[in-house]
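Reviewing the structure listed below.
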Amino acid sequence: MHVYRNSIYTHYTKTYINKQYWKGRENLSKKKKIGRAEREMGIKKIFPYLCAIIVQIGFAGLGIIAKLVLNAGMSHYTFSVYINFIAAIVVAPFAFAFEKNTRPQITLSIFFKIFILALLQPVIDQNLYYGGLKYTSATVTAALCNVIPAMTFLLSWALRVERVNVKRLGSQAKIVGTIVTMSGAMIMTVVKGSVIALPWIKNKCNPELVDVGNLHQNPIKGALMIAAACFSWSIFYILQAHTLKSYLAGFTLTSLICMIGAIQGVVLTLAVERGKNLVWSIGWNVKLFAAAYGGVICSGIGCYVEGWIMKKKGPVFLTSFNPLGMIIVAVLSSFFLAEQLNVGKVAGSLVIVFGLYLVLWGKSRE
């Protein structure tokens, strides 16, 4: 009897231990699944931020490379055409591979939007931007691009895409921030001030590079061209965000915008640079590298990533990272272009950034 009771006790003890063991394994598995889900959720949350930072790094690099080739005498018209042709060729295979079965039909309305998008960014914006870059420094150009969020807000307000209630604190912050941003752009353009000495410029300054760059310097003209480019860029952002709601094939949209923009750019270049066949010449040199970099990194991958970020977070979120690009350009241009900073540039940049984040703070309050 005693042996029987011990066997029963041993049986139930083993059963209890097995149940506790498997229950513990199940709880551990659940915890791992929850932990994995939380990590995935965290990655999904920060992924748009990482993409926005990478986009700014890519565009900052293009600003430096473009300034080098423009100082070397390359036409900004042909530079824009080459960039967009390369971008269209690079993105097209991705559109064919990933969107072959999901690509929506292109209606007349969609085609008209794509045509206007191609005109706004690859043609108007890029030619004004690179033309302005030739007349001013890469740092000023990058800083002036920070007015894009303010312009995007004003245009969104005018087109009733953005709701504004002047009685609410968020809307008041966006309005004041827009005014401050525009004021900073004027300070940067008009005010000079004393030069801020950077020790590495004295050692790395290239006199030939500086002389060639100074031949084309016209800060007021350059600033006006950059401002017009930002205006076109803001309209592009708004229309692109609207188009992506009805045409979800991002790769196809990017490829079509670049290809149609390149064709439009060819027509524009033939009209403006009539009889100048040498403007189309390009070889295995920095010009080809600049066009390839701009086409692949910026107009190709960059345009698609920007569209994805806008679809997830909106156009204001995307443009909020522009100050990072300005800082990167300021550092790189001082090394590679021997560009000097003065009090006016720094003060104007700080005012622009302050106004930019007022706009973004107002956006977050709503």
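Going through the structure tokens in order, the chains are called A, B, and so on, while each chain numbers its residues from 1 and the ligands are numbered from 1 in the order shown.
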DSSP on the backbone, then: every residue of range 144-266 of chain A marked helix (DSSP H, G or I), written as a PyMOL selection string.
-> chain A and resi 144-158+169-190+199-204+207-215+219-246+250-266
Could you give me, as CSV, every range 240-339 of chain A residue with an atom at most 9 Å from range 89-99 of chain A, plus its closest atom pair and distance in Å to one decimal, counting only C-alpha atoms, rows ordered by chain then number?
residue,atom,partner,partner_atom,distance
A:Ala249,CA,A:Glu99,CA,6.4
A:Gly250,CA,A:Ala95,CA,7.9
A:Phe251,CA,A:Ala95,CA,4.8
A:Thr252,CA,A:Ala95,CA,4.9
A:Leu253,CA,A:Ala95,CA,8.5
A:Thr254,CA,A:Val91,CA,7.2
A:Ser255,CA,A:Val91,CA,5.6
A:Leu256,CA,A:Ala92,CA,8.4
A:Cys258,CA,A:Ile89,CA,8.9
A:Met259,CA,A:Ile89,CA,8.1
A:Gly295,CA,A:Val90,CA,7.9
A:Val296,CA,A:Val90,CA,6.5
A:Gly300,CA,A:Val91,CA,6.0
A:Ile301,CA,A:Val91,CA,7.3
A:Tyr304,CA,A:Val91,CA,8.8
Keeping all heavy atoms for every residue in the selection just given, could you write it to a file as a CSV table (one decimal), in the first residue's frame?
chain,number,residue,atom,x,y,z
A,249,ALA,N,1.6,53.0,-57.1
A,249,ALA,CA,2.9,52.4,-57.6
A,249,ALA,C,4.0,53.5,-57.6
A,249,ALA,O,4.2,54.2,-58.5
A,249,ALA,CB,2.7,51.9,-59.1
A,250,GLY,N,4.7,53.5,-56.5
A,250,GLY,CA,5.8,54.5,-56.2
A,250,GLY,C,6.9,54.4,-57.2
A,250,GLY,O,7.4,55.5,-57.7
A,251,PHE,N,7.4,53.2,-57.5
A,251,PHE,CA,8.5,53.1,-58.4
A,251,PHE,C,8.1,53.5,-59.8
A,251,PHE,O,8.9,54.2,-60.5
A,251,PHE,CB,9.0,51.6,-58.5
A,251,PHE,CG,9.9,51.2,-57.3
A,251,PHE,CD1,9.5,50.2,-56.5
A,251,PHE,CD2,11.1,51.8,-57.1
A,251,PHE,CE1,10.2,49.8,-55.4
A,251,PHE,CE2,11.9,51.4,-56.0
A,251,PHE,CZ,11.4,50.4,-55.2
A,252,THR,N,7.0,53.1,-60.3
A,252,THR,CA,6.5,53.5,-61.6
A,252,THR,C,6.3,55.0,-61.7
A,252,THR,O,6.7,55.6,-62.7
A,252,THR,CB,5.2,52.8,-61.9
A,252,THR,OG1,5.3,51.4,-61.8
A,252,THR,CG2,4.7,53.1,-63.3
A,253,LEU,N,5.7,55.6,-60.7
A,253,LEU,CA,5.5,57.0,-60.6
A,253,LEU,C,6.9,57.8,-60.7
A,253,LEU,O,7.0,58.7,-61.5
A,253,LEU,CB,4.8,57.4,-59.4
A,253,LEU,CG,4.5,58.9,-59.2
A,253,LEU,CD1,3.5,59.4,-60.3
A,253,LEU,CD2,3.9,59.2,-57.8
A,254,THR,N,7.9,57.3,-59.9
A,254,THR,CA,9.2,58.0,-59.9
A,254,THR,C,9.8,57.9,-61.3
A,254,THR,O,10.4,58.8,-61.8
A,254,THR,CB,10.1,57.3,-58.9
A,254,THR,OG1,9.5,57.5,-57.6
A,254,THR,CG2,11.4,58.0,-58.9
A,255,SER,N,9.8,56.7,-61.9
A,255,SER,CA,10.4,56.5,-63.2
A,255,SER,C,9.8,57.3,-64.3
A,255,SER,O,10.4,57.9,-65.1
A,255,SER,CB,10.3,55.0,-63.6
A,255,SER,OG,10.9,54.7,-64.8
A,256,LEU,N,8.4,57.4,-64.3
A,256,LEU,CA,7.7,58.2,-65.3
A,256,LEU,C,8.0,59.7,-65.1
A,256,LEU,O,8.2,60.4,-66.1
A,256,LEU,CB,6.2,58.0,-65.2
A,256,LEU,CG,5.7,56.6,-65.7
A,256,LEU,CD1,4.3,56.4,-65.3
A,256,LEU,CD2,6.0,56.5,-67.2
A,258,CYS,N,10.7,61.0,-63.8
A,258,CYS,CA,12.1,61.3,-64.3
A,258,CYS,C,12.2,61.3,-65.8
A,258,CYS,O,12.9,62.1,-66.4
A,258,CYS,CB,13.1,60.3,-63.6
A,258,CYS,SG,13.2,60.5,-61.9
A,259,MET,N,11.6,60.3,-66.4
A,259,MET,CA,11.7,60.1,-67.9
A,259,MET,C,11.0,61.3,-68.6
A,259,MET,O,11.6,61.9,-69.5
A,259,MET,CB,11.1,58.8,-68.3
A,259,MET,CG,11.2,58.5,-69.8
A,259,MET,SD,12.9,58.6,-70.5
A,259,MET,CE,13.6,57.2,-69.7
A,295,GLY,N,21.5,61.0,-60.4
A,295,GLY,CA,20.4,60.2,-61.0
A,295,GLY,C,20.0,59.0,-60.1
A,295,GLY,O,18.9,58.7,-59.9
A,296,VAL,N,21.0,58.3,-59.6
A,296,VAL,CA,20.8,57.1,-58.8
A,296,VAL,C,20.4,57.4,-57.4
A,296,VAL,O,19.3,57.0,-56.9
A,296,VAL,CB,22.0,56.2,-58.8
A,296,VAL,CG1,21.8,55.0,-57.9
A,296,VAL,CG2,22.4,55.8,-60.2
A,300,GLY,N,16.5,59.3,-58.4
A,300,GLY,CA,16.0,57.9,-58.4
A,300,GLY,C,15.5,57.4,-57.1
A,300,GLY,O,14.4,57.5,-56.8
A,301,ILE,N,16.5,56.9,-56.3
A,301,ILE,CA,16.1,56.3,-55.0
A,301,ILE,C,15.6,57.4,-54.1
A,301,ILE,O,14.6,57.2,-53.4
A,301,ILE,CB,17.4,55.6,-54.4
A,301,ILE,CG1,17.8,54.5,-55.3
A,301,ILE,CG2,17.1,55.1,-53.0
A,301,ILE,CD1,19.2,53.9,-54.9
A,304,TYR,N,11.9,58.3,-54.8
A,304,TYR,CA,11.0,57.2,-54.3
A,304,TYR,C,10.9,57.2,-52.8
A,304,TYR,O,9.8,57.1,-52.2
A,304,TYR,CB,11.5,55.8,-54.8
A,304,TYR,CG,10.7,54.7,-54.2
A,304,TYR,CD1,9.5,54.3,-54.7
A,304,TYR,CD2,11.2,54.0,-53.1
A,304,TYR,CE1,8.7,53.3,-54.2
A,304,TYR,CE2,10.5,52.9,-52.6
A,304,TYR,CZ,9.3,52.6,-53.1
A,304,TYR,OH,8.5,51.6,-52.5
Of the candidates A:Gly73, A:Gly283, A:Gly61, A:Gly314, which one gets nearest to Glu162 in chain A if we count only C-alpha atoms?
-> A:Gly314
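Between CA of Gly325 in chain A and CA of Ala60 in chain A the interatomic distance comes to 5.5 Å.
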Selection: 9 Å around range 343-356 of chain A, only C-alpha atoms, excl. self and same-chain fewer than 3 positions, as a ChimeraX atom specification = /A:139-140,143-144,146-150,174,176-196,320,322-323,326,359-361
